[in-house]
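Okay, so here's the structure we're looking at.
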Amino acid sequence: MSREQQAVARTRKAFETGRSRPLEYRIIQLKNLQRLFLERQKEISDAIKKDLNKSEVGTQLYETLGLEGEISLAIRKLKEWAAPRPVEKNLMTLSDTVYIQPEPLGVVLIIGAWNYPWAVTVQPLIGAIAAGNAAVVKPSEVCVHTAKVMEDLLPLYIDKELYPVVTGGVAETQELLRQRFDHIFYTGNSTVGKVIMEAAAKNLTPVTLELGGKSPCYIDKNCNISIACRRITWGKYTNCGQTCIAPDYILCDPSIQDRVIEEVKKSIKDFYTEKPKTCPDYGRIINQRHFKRIMALVGDSTVAAGGDGDDGLDEAIKFINKGEKPLALYVFSADEKVINRMKDETSSGGFLANDCLVHFSVSSLPFGGVGNSGMGCYHGKFSFDQLSHLRGCLIKKLKMEGVNNMRYPPHTPKKLGWARFFILKTFDLGWVGRMLLLALMTVVAAFVLQ
């Protein structure tokens, strides 16, 4: 057996012991994971500094702070999330217990990305643990130092049999994808996303794909252009532009194009000084391959240029809708009508008015793509639900058999009439109402039996 096969087999064996299911055990694991970020921040930050040149403060701000918040939320809300969820009944099931019971899926494969190596790898892991699953964690090999730290540290804090870390490159990932999982969670690009989905299809494994796409940014000419450009610049240049929801291009009226460019330049200088290369808050491109790819793009371009044509609101909406659905869409305007038109007449994974990126930090909002930018979502309760099987449950008693007579042969128009009444009528009644209807059902049952 390969190393990857062995890891998956051990993980499934650990899951089958059932120890990941009790809420108490899940909470212990989450608290241990929380402790990791309190005790090992220096090692985490040092590795990310080597990989992406992020400062220690930047690492906490954009990587681990959000994870600490997600863990705290999961610990606080786990009993509520995992509890049976009552649902509306029809008359036929009025005396039954009907609910949704979240249950673990099994063994989850989490394939992380390199741009925010802790944030986008551990966030789904938090959801997997909270939902009672086991999980094989595959950090991106592109972040060499961070992958090694993750491999070293995670087993010291959380159950190493239930949540092993498997490192390696393309060959190791391909070998993992040959194994059977109960869910695959991948963060990355759409090209690899298609490979993941194809591999998952062989075992009918569900997937969550957090992909990318060119996120547009529309600036209304009547808004505060200076503030808009300051926020856009922050969104674009954070992590040296290596953010899946960074604004990728600006659409604006030609009359404000030069002003937009100047305001962006001014904000770059304000944030990163006149020499960003020496600024401690400006990161680096992850490796030489990506650096050369970007330089090739720049080679055939004018470095500071706006769009062409007339980019008013109508044209901007048409332009956006001609492309693939983006992971995020940004609009800057003081006019609610402009904001609502952009929201209502386009489609994207997330939508923000008058800011960039910050929706990722809101645990009560689902984060995910649509179409080419991904499928499925996570964060907070959405992570828990995404990595749970929401099992429909109906508990009936061996009583009131007369009510069931309408479904038994021989089938008659009279029975159909009663069935229509009982099945199609739904009520949201208080305790007294339910008792009255129960009494009515008893009478009807007696009548049907006759």
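Residues are named by chain letter and number: chains run A, B, ... in the order of the structure tokens, numbers start at 1 in each chain, and ligands are numbered from 1 in the order shown.
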*Filtered DSSP result for range 72-283 of chain A, state alpha helix (DSSP H), as a PyMOL selection string*: chain A and resi 72-82+119-130+144-157+170-177+190-201+225-237+257-272
Written file, previous selection with C-alpha atoms, as a JSON list (two decimals), in the first residue's frame:
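So the final result, stored in part_4.json, reads:
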[["chain", "number", "residue", "atom", "x", "y", "z"],
["A", 72, "SER", "CA", -14.95, 29.80, 19.24],
["A", 73, "LEU", "CA", -18.21, 29.97, 17.30],
["A", 74, "ALA", "CA", -18.24, 26.22, 16.67],
["A", 75, "ILE", "CA", -17.56, 25.42, 20.33],
["A", 76, "ARG", "CA", -20.30, 27.80, 21.45],
["A", 77, "LYS", "CA", -22.93, 26.70, 18.93],
["A", 78, "LEU", "CA", -22.15, 23.01, 18.40],
["A", 79, "LYS", "CA", -24.95, 21.60, 20.58],
["A", 80, "GLU", "CA", -27.45, 23.82, 18.77],
["A", 81, "TRP", "CA", -26.15, 22.90, 15.30],
["A", 82, "ALA", "CA", -26.06, 19.17, 16.04],
["A", 119, "ALA", "CA", -7.10, 30.01, 6.65],
["A", 120, "VAL", "CA", -8.44, 28.04, 3.70],
["A", 121, "THR", "CA", -7.15, 24.66, 4.93],
["A", 122, "VAL", "CA", -8.12, 24.79, 8.58],
["A", 123, "GLN", "CA", -11.51, 26.49, 8.14],
["A", 124, "PRO", "CA", -13.02, 23.42, 6.46],
["A", 125, "LEU", "CA", -11.20, 21.24, 9.00],
["A", 126, "ILE", "CA", -13.05, 23.08, 11.78],
["A", 127, "GLY", "CA", -16.32, 22.25, 10.03],
["A", 128, "ALA", "CA", -15.29, 18.63, 9.56],
["A", 129, "ILE", "CA", -14.42, 18.22, 13.24],
["A", 130, "ALA", "CA", -17.57, 20.00, 14.39],
["A", 144, "VAL", "CA", 6.76, 24.49, 1.47],
["A", 145, "HIS", "CA", 7.51, 25.83, 4.94],
["A", 146, "THR", "CA", 3.89, 26.16, 6.05],
["A", 147, "ALA", "CA", 3.06, 22.63, 4.88],
["A", 148, "LYS", "CA", 5.93, 21.30, 7.00],
["A", 149, "VAL", "CA", 4.81, 23.25, 10.09],
["A", 150, "MET", "CA", 1.24, 22.03, 9.58],
["A", 151, "GLU", "CA", 2.50, 18.46, 9.28],
["A", 152, "ASP", "CA", 4.52, 18.85, 12.49],
["A", 153, "LEU", "CA", 2.05, 20.76, 14.64],
["A", 154, "LEU", "CA", -1.45, 19.44, 13.91],
["A", 155, "PRO", "CA", -0.70, 15.90, 15.21],
["A", 156, "LEU", "CA", 0.56, 17.39, 18.48],
["A", 157, "TYR", "CA", -2.80, 19.03, 19.20],
["A", 170, "VAL", "CA", 0.84, 16.42, -7.61],
["A", 171, "ALA", "CA", 1.65, 12.69, -7.48],
["A", 172, "GLU", "CA", 0.61, 12.43, -3.83],
["A", 173, "THR", "CA", -2.60, 14.38, -4.46],
["A", 174, "GLN", "CA", -3.44, 12.13, -7.41],
["A", 175, "GLU", "CA", -2.91, 9.08, -5.24],
["A", 176, "LEU", "CA", -5.20, 10.51, -2.56],
["A", 177, "LEU", "CA", -7.87, 11.13, -5.19],
["A", 190, "SER", "CA", -11.14, 25.78, -11.83],
["A", 191, "THR", "CA", -8.77, 23.67, -13.96],
["A", 192, "VAL", "CA", -7.80, 21.50, -11.00],
["A", 193, "GLY", "CA", -11.38, 21.71, -9.74],
["A", 194, "LYS", "CA", -12.51, 19.79, -12.84],
["A", 195, "VAL", "CA", -9.88, 17.11, -12.16],
["A", 196, "ILE", "CA", -11.09, 16.83, -8.55],
["A", 197, "MET", "CA", -14.71, 16.50, -9.65],
["A", 198, "GLU", "CA", -13.85, 13.87, -12.25],
["A", 199, "ALA", "CA", -11.99, 11.80, -9.67],
["A", 200, "ALA", "CA", -14.82, 12.20, -7.15],
["A", 201, "ALA", "CA", -17.41, 11.05, -9.71],
["A", 225, "ILE", "CA", -14.03, 58.06, -5.56],
["A", 226, "SER", "CA", -11.18, 58.62, -3.14],
["A", 227, "ILE", "CA", -12.63, 56.29, -0.46],
["A", 228, "ALA", "CA", -13.74, 53.76, -3.08],
["A", 229, "CYS", "CA", -10.24, 53.55, -4.56],
["A", 230, "ARG", "CA", -8.64, 53.31, -1.10],
["A", 231, "ARG", "CA", -10.78, 50.28, -0.26],
["A", 232, "ILE", "CA", -10.26, 48.71, -3.68],
["A", 233, "THR", "CA", -6.48, 49.18, -3.39],
["A", 234, "TRP", "CA", -6.50, 47.46, 0.00],
["A", 235, "GLY", "CA", -8.55, 44.59, -1.44],
["A", 236, "LYS", "CA", -6.34, 44.22, -4.48],
["A", 237, "TYR", "CA", -2.87, 44.48, -2.94],
["A", 257, "GLN", "CA", -10.88, 56.80, -15.41],
["A", 258, "ASP", "CA", -7.78, 58.99, -14.91],
["A", 259, "ARG", "CA", -8.95, 59.99, -11.43],
["A", 260, "VAL", "CA", -9.40, 56.34, -10.45],
["A", 261, "ILE", "CA", -5.88, 55.47, -11.60],
["A", 262, "GLU", "CA", -4.37, 58.39, -9.69],
["A", 263, "GLU", "CA", -6.32, 57.55, -6.51],
["A", 264, "VAL", "CA", -5.19, 53.92, -6.67],
["A", 265, "LYS", "CA", -1.57, 55.03, -7.10],
["A", 266, "LYS", "CA", -1.95, 57.40, -4.14],
["A", 267, "SER", "CA", -3.36, 54.62, -1.95],
["A", 268, "ILE", "CA", -0.53, 52.25, -2.90],
["A", 269, "LYS", "CA", 1.94, 54.90, -1.78],
["A", 270, "ASP", "CA", 0.02, 55.55, 1.45],
["A", 271, "PHE", "CA", -0.13, 51.84, 2.32],
["A", 272, "TYR", "CA", 3.24, 50.60, 1.15]]
If you run DSSP over the backbone, which residues in range 64-119 of chain A end up strand (DSSP E)? Put them as a PDB file with N, CA and C atoms, in the first residue's frame.
ATOM      1  N   ARG A  85     -33.602  18.978  14.276  1.00  0.00           N
ATOM      2  CA  ARG A  85     -34.268  20.194  13.812  1.00  0.00           C
ATOM      3  C   ARG A  85     -35.719  19.874  13.444  1.00  0.00           C
ATOM      4  N   PRO A  86     -36.691  20.292  14.267  1.00  0.00           N
ATOM      5  CA  PRO A  86     -38.094  20.002  13.973  1.00  0.00           C
ATOM      6  C   PRO A  86     -38.519  20.618  12.641  1.00  0.00           C
ATOM      7  N   THR A  97     -43.245  11.985  15.293  1.00  0.00           N
ATOM      8  CA  THR A  97     -42.081  12.839  15.532  1.00  0.00           C
ATOM      9  C   THR A  97     -41.322  12.960  14.215  1.00  0.00           C
ATOM     10  N   VAL A  98     -41.227  14.178  13.696  1.00  0.00           N
ATOM     11  CA  VAL A  98     -40.615  14.403  12.386  1.00  0.00           C
ATOM     12  C   VAL A  98     -39.519  15.460  12.543  1.00  0.00           C
ATOM     13  N   TYR A  99     -38.309  15.135  12.115  1.00  0.00           N
ATOM     14  CA  TYR A  99     -37.203  16.075  12.314  1.00  0.00           C
ATOM     15  C   TYR A  99     -36.049  15.760  11.377  1.00  0.00           C
ATOM     16  N   ILE A 100     -35.111  16.687  11.320  1.00  0.00           N
ATOM     17  CA  ILE A 100     -33.858  16.504  10.575  1.00  0.00           C
ATOM     18  C   ILE A 100     -32.743  16.284  11.588  1.00  0.00           C
ATOM     19  N   GLN A 101     -31.979  15.225  11.393  1.00  0.00           N
ATOM     20  CA  GLN A 101     -30.874  14.919  12.299  1.00  0.00           C
ATOM     21  C   GLN A 101     -29.540  15.020  11.556  1.00  0.00           C
ATOM     22  N   PRO A 102     -28.729  16.038  11.844  1.00  0.00           N
ATOM     23  CA  PRO A 102     -27.405  16.094  11.212  1.00  0.00           C
ATOM     24  C   PRO A 102     -26.535  14.935  11.705  1.00  0.00           C
ATOM     25  N   GLU A 103     -25.860  14.285  10.768  1.00  0.00           N
ATOM     26  CA  GLU A 103     -24.962  13.198  11.144  1.00  0.00           C
ATOM     27  C   GLU A 103     -23.685  13.292  10.328  1.00  0.00           C
ATOM     28  N   PRO A 104     -22.577  12.750  10.830  1.00  0.00           N
ATOM     29  CA  PRO A 104     -21.299  12.835  10.103  1.00  0.00           C
ATOM     30  C   PRO A 104     -21.366  12.119   8.750  1.00  0.00           C
ATOM     31  N   VAL A 107     -15.312  10.160   6.172  1.00  0.00           N
ATOM     32  CA  VAL A 107     -13.926  10.623   5.996  1.00  0.00           C
ATOM     33  C   VAL A 107     -13.892  11.680   4.892  1.00  0.00           C
ATOM     34  N   VAL A 108     -13.428  12.853   5.254  1.00  0.00           N
ATOM     35  CA  VAL A 108     -13.382  13.996   4.333  1.00  0.00           C
ATOM     36  C   VAL A 108     -11.941  14.242   3.902  1.00  0.00           C
ATOM     37  N   LEU A 109     -11.749  14.542   2.623  1.00  0.00           N
ATOM     38  CA  LEU A 109     -10.437  14.966   2.130  1.00  0.00           C
ATOM     39  C   LEU A 109     -10.465  16.483   1.971  1.00  0.00           C
ATOM     40  N   ILE A 110      -9.522  17.164   2.618  1.00  0.00           N
ATOM     41  CA  ILE A 110      -9.423  18.623   2.518  1.00  0.00           C
ATOM     42  C   ILE A 110      -8.123  18.967   1.804  1.00  0.00           C
ATOM     43  N   ILE A 111      -8.248  19.562   0.625  1.00  0.00           N
ATOM     44  CA  ILE A 111      -7.073  19.969  -0.154  1.00  0.00           C
ATOM     45  C   ILE A 111      -6.984  21.481  -0.099  1.00  0.00           C
TER      46      ILE A 111
END
*asked:* Report as a PyMOL selection string all protein, DNA and RNA residues lying within 10 Å of Lys54 in chain A, evaluated on only C-alpha atoms, omitting residues in the same chain fewer than 3 positions from it.
replied: chain A and resi 45-51+57-60+62+238-240+280-284
With C-alpha atoms kept, could you save the residues just selected as a PDB file, in the first residue's frame?
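The file below, again_26.pdb, is the result:
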ATOM      1  CA  SER A  45       4.211  33.216  11.362  1.00  0.00           C
ATOM      2  CA  ASP A  46       7.866  32.353  10.676  1.00  0.00           C
ATOM      3  CA  ALA A  47       6.877  29.747   8.087  1.00  0.00           C
ATOM      4  CA  ILE A  48       4.432  32.087   6.316  1.00  0.00           C
ATOM      5  CA  LYS A  49       7.116  34.786   6.337  1.00  0.00           C
ATOM      6  CA  LYS A  50       9.398  32.406   4.435  1.00  0.00           C
ATOM      7  CA  ASP A  51       6.656  31.397   2.000  1.00  0.00           C
ATOM      8  CA  VAL A  57       0.792  40.915  12.452  1.00  0.00           C
ATOM      9  CA  GLY A  58      -0.387  40.310   8.879  1.00  0.00           C
ATOM     10  CA  THR A  59      -0.400  36.559   9.472  1.00  0.00           C
ATOM     11  CA  GLN A  60      -2.616  36.946  12.521  1.00  0.00           C
ATOM     12  CA  TYR A  62      -5.446  37.543   7.609  1.00  0.00           C
ATOM     13  CA  THR A 238      -3.445  42.543   0.281  1.00  0.00           C
ATOM     14  CA  ASN A 239      -1.211  39.446   0.154  1.00  0.00           C
ATOM     15  CA  CYS A 240       0.493  40.888  -2.928  1.00  0.00           C
ATOM     16  CA  PRO A 280       7.268  45.050   5.816  1.00  0.00           C
ATOM     17  CA  ASP A 281       3.531  44.955   5.060  1.00  0.00           C
ATOM     18  CA  TYR A 282       3.957  44.108   1.371  1.00  0.00           C
ATOM     19  CA  GLY A 283       4.155  40.408   0.638  1.00  0.00           C
ATOM     20  CA  ARG A 284       5.797  38.494  -2.176  1.00  0.00           C
TER      21      ARG A 284
END
Contact residues around Lys13 in chain A with only C-alpha atoms at 9 Å, ignoring same-chain residues under 5 positions, as a short mmCIF file (atom, residue, chain, number, x, y, z; two decimals) with all heavy atoms, in the first residue's frame:
data_model
loop_
_atom_site.label_atom_id
_atom_site.label_comp_id
_atom_site.auth_asym_id
_atom_site.auth_seq_id
_atom_site.Cartn_x
_atom_site.Cartn_y
_atom_site.Cartn_z
N VAL A 8 -5.32 6.97 4.53
CA VAL A 8 -6.78 6.96 4.39
C VAL A 8 -7.38 5.76 5.12
O VAL A 8 -8.40 5.87 5.81
CB VAL A 8 -7.20 6.96 2.90
CG1 VAL A 8 -8.71 6.86 2.77
CG2 VAL A 8 -6.68 8.22 2.20
N GLU A 161 -4.87 10.21 14.31
CA GLU A 161 -5.48 9.14 13.51
C GLU A 161 -6.72 9.61 12.79
O GLU A 161 -6.98 9.22 11.65
CB GLU A 161 -5.81 7.95 14.41
CG GLU A 161 -4.59 7.25 14.98
CD GLU A 161 -4.96 6.09 15.88
OE1 GLU A 161 -6.09 6.10 16.43
OE2 GLU A 161 -4.13 5.17 16.02
N LEU A 162 -7.49 10.47 13.44
CA LEU A 162 -8.71 10.99 12.82
C LEU A 162 -8.42 12.12 11.83
O LEU A 162 -9.15 12.30 10.86
CB LEU A 162 -9.67 11.52 13.89
CG LEU A 162 -10.52 10.49 14.64
CD1 LEU A 162 -11.23 11.15 15.81
CD2 LEU A 162 -11.53 9.83 13.71
#
Closest-contact table, range 333-393 of chain A side, partner range 247-252 of chain A, 12 Å, counting only C-alpha atoms, as CSV:
residue,atom,partner,partner_atom,distance
A:Ser333,CA,A:Cys252,CA,11.1
A:Phe351,CA,A:Pro247,CA,11.7
A:Leu352,CA,A:Pro247,CA,11.0
A:Asp355,CA,A:Pro247,CA,10.2
A:Cys356,CA,A:Pro247,CA,7.4
A:Leu357,CA,A:Pro247,CA,8.6
Restricted to all heavy atoms, what would the selected residues look like written as a PDB file, in the first residue's frame?
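Okay, part.pdb is ready:
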ATOM      1  N   SER A 333     -21.007  52.776  -4.843  1.00  0.00           N
ATOM      2  CA  SER A 333     -21.991  53.797  -5.196  1.00  0.00           C
ATOM      3  C   SER A 333     -22.714  54.263  -3.940  1.00  0.00           C
ATOM      4  O   SER A 333     -22.910  53.486  -2.995  1.00  0.00           O
ATOM      5  CB  SER A 333     -23.004  53.238  -6.200  1.00  0.00           C
ATOM      6  OG  SER A 333     -24.001  54.213  -6.490  1.00  0.00           O
ATOM      7  N   PHE A 351     -21.546  39.175  -2.940  1.00  0.00           N
ATOM      8  CA  PHE A 351     -21.796  40.526  -3.465  1.00  0.00           C
ATOM      9  C   PHE A 351     -21.520  41.532  -2.356  1.00  0.00           C
ATOM     10  O   PHE A 351     -22.035  41.404  -1.243  1.00  0.00           O
ATOM     11  CB  PHE A 351     -23.243  40.640  -3.936  1.00  0.00           C
ATOM     12  CG  PHE A 351     -23.633  42.024  -4.397  1.00  0.00           C
ATOM     13  CD1 PHE A 351     -23.370  42.436  -5.693  1.00  0.00           C
ATOM     14  CD2 PHE A 351     -24.260  42.916  -3.527  1.00  0.00           C
ATOM     15  CE1 PHE A 351     -23.712  43.720  -6.114  1.00  0.00           C
ATOM     16  CE2 PHE A 351     -24.615  44.186  -3.936  1.00  0.00           C
ATOM     17  CZ  PHE A 351     -24.341  44.597  -5.238  1.00  0.00           C
ATOM     18  N   LEU A 352     -20.699  42.539  -2.653  1.00  0.00           N
ATOM     19  CA  LEU A 352     -20.394  43.587  -1.677  1.00  0.00           C
ATOM     20  C   LEU A 352     -20.604  44.954  -2.294  1.00  0.00           C
ATOM     21  O   LEU A 352     -20.208  45.183  -3.442  1.00  0.00           O
ATOM     22  CB  LEU A 352     -18.934  43.493  -1.202  1.00  0.00           C
ATOM     23  CG  LEU A 352     -18.661  42.633   0.027  1.00  0.00           C
ATOM     24  CD1 LEU A 352     -18.713  41.174  -0.366  1.00  0.00           C
ATOM     25  CD2 LEU A 352     -17.319  42.978   0.637  1.00  0.00           C
ATOM     26  N   ASP A 355     -17.193  48.066  -0.392  1.00  0.00           N
ATOM     27  CA  ASP A 355     -16.019  47.503   0.280  1.00  0.00           C
ATOM     28  C   ASP A 355     -15.561  46.261  -0.469  1.00  0.00           C
ATOM     29  O   ASP A 355     -16.243  45.786  -1.387  1.00  0.00           O
ATOM     30  CB  ASP A 355     -16.300  47.174   1.740  1.00  0.00           C
ATOM     31  CG  ASP A 355     -15.061  47.365   2.622  1.00  0.00           C
ATOM     32  OD1 ASP A 355     -13.932  47.367   2.075  1.00  0.00           O
ATOM     33  OD2 ASP A 355     -15.215  47.501   3.848  1.00  0.00           O
ATOM     34  N   CYS A 356     -14.411  45.721  -0.052  1.00  0.00           N
ATOM     35  CA  CYS A 356     -13.855  44.516  -0.662  1.00  0.00           C
ATOM     36  C   CYS A 356     -13.450  43.516   0.424  1.00  0.00           C
ATOM     37  O   CYS A 356     -13.088  43.913   1.533  1.00  0.00           O
ATOM     38  CB  CYS A 356     -12.611  44.848  -1.492  1.00  0.00           C
ATOM     39  SG  CYS A 356     -12.897  45.934  -2.891  1.00  0.00           S
ATOM     40  N   LEU A 357     -13.502  42.262   0.117  1.00  0.00           N
ATOM     41  CA  LEU A 357     -12.964  41.152   0.915  1.00  0.00           C
ATOM     42  C   LEU A 357     -13.681  40.864   2.233  1.00  0.00           C
ATOM     43  O   LEU A 357     -13.689  39.722   2.692  1.00  0.00           O
ATOM     44  CB  LEU A 357     -11.467  41.360   1.260  1.00  0.00           C
ATOM     45  CG  LEU A 357     -10.479  41.713   0.158  1.00  0.00           C
ATOM     46  CD1 LEU A 357      -9.053  41.613   0.711  1.00  0.00           C
ATOM     47  CD2 LEU A 357     -10.613  40.868  -1.065  1.00  0.00           C
TER      48      LEU A 357
END
*With a distance cut-off of 6 Å and only C-alpha atoms, select the neighbouring residues of range 376-387 of chain A, excluding the residue or stretch itself and same-chain residues fewer than 6 positions from it, and output the selection as an MDAnalysis selection string.*
chainID A and resid 127:128 131 208 363 366:368
_Can you pull out the residues contacting Glu345 in chain A? Cut-off 10 Å, using only C-alpha atoms, and skip same-chain residues under 2 positions away; I want them as a ChimeraX atom specification._
/A:314,317-318,320-321,340-343,347
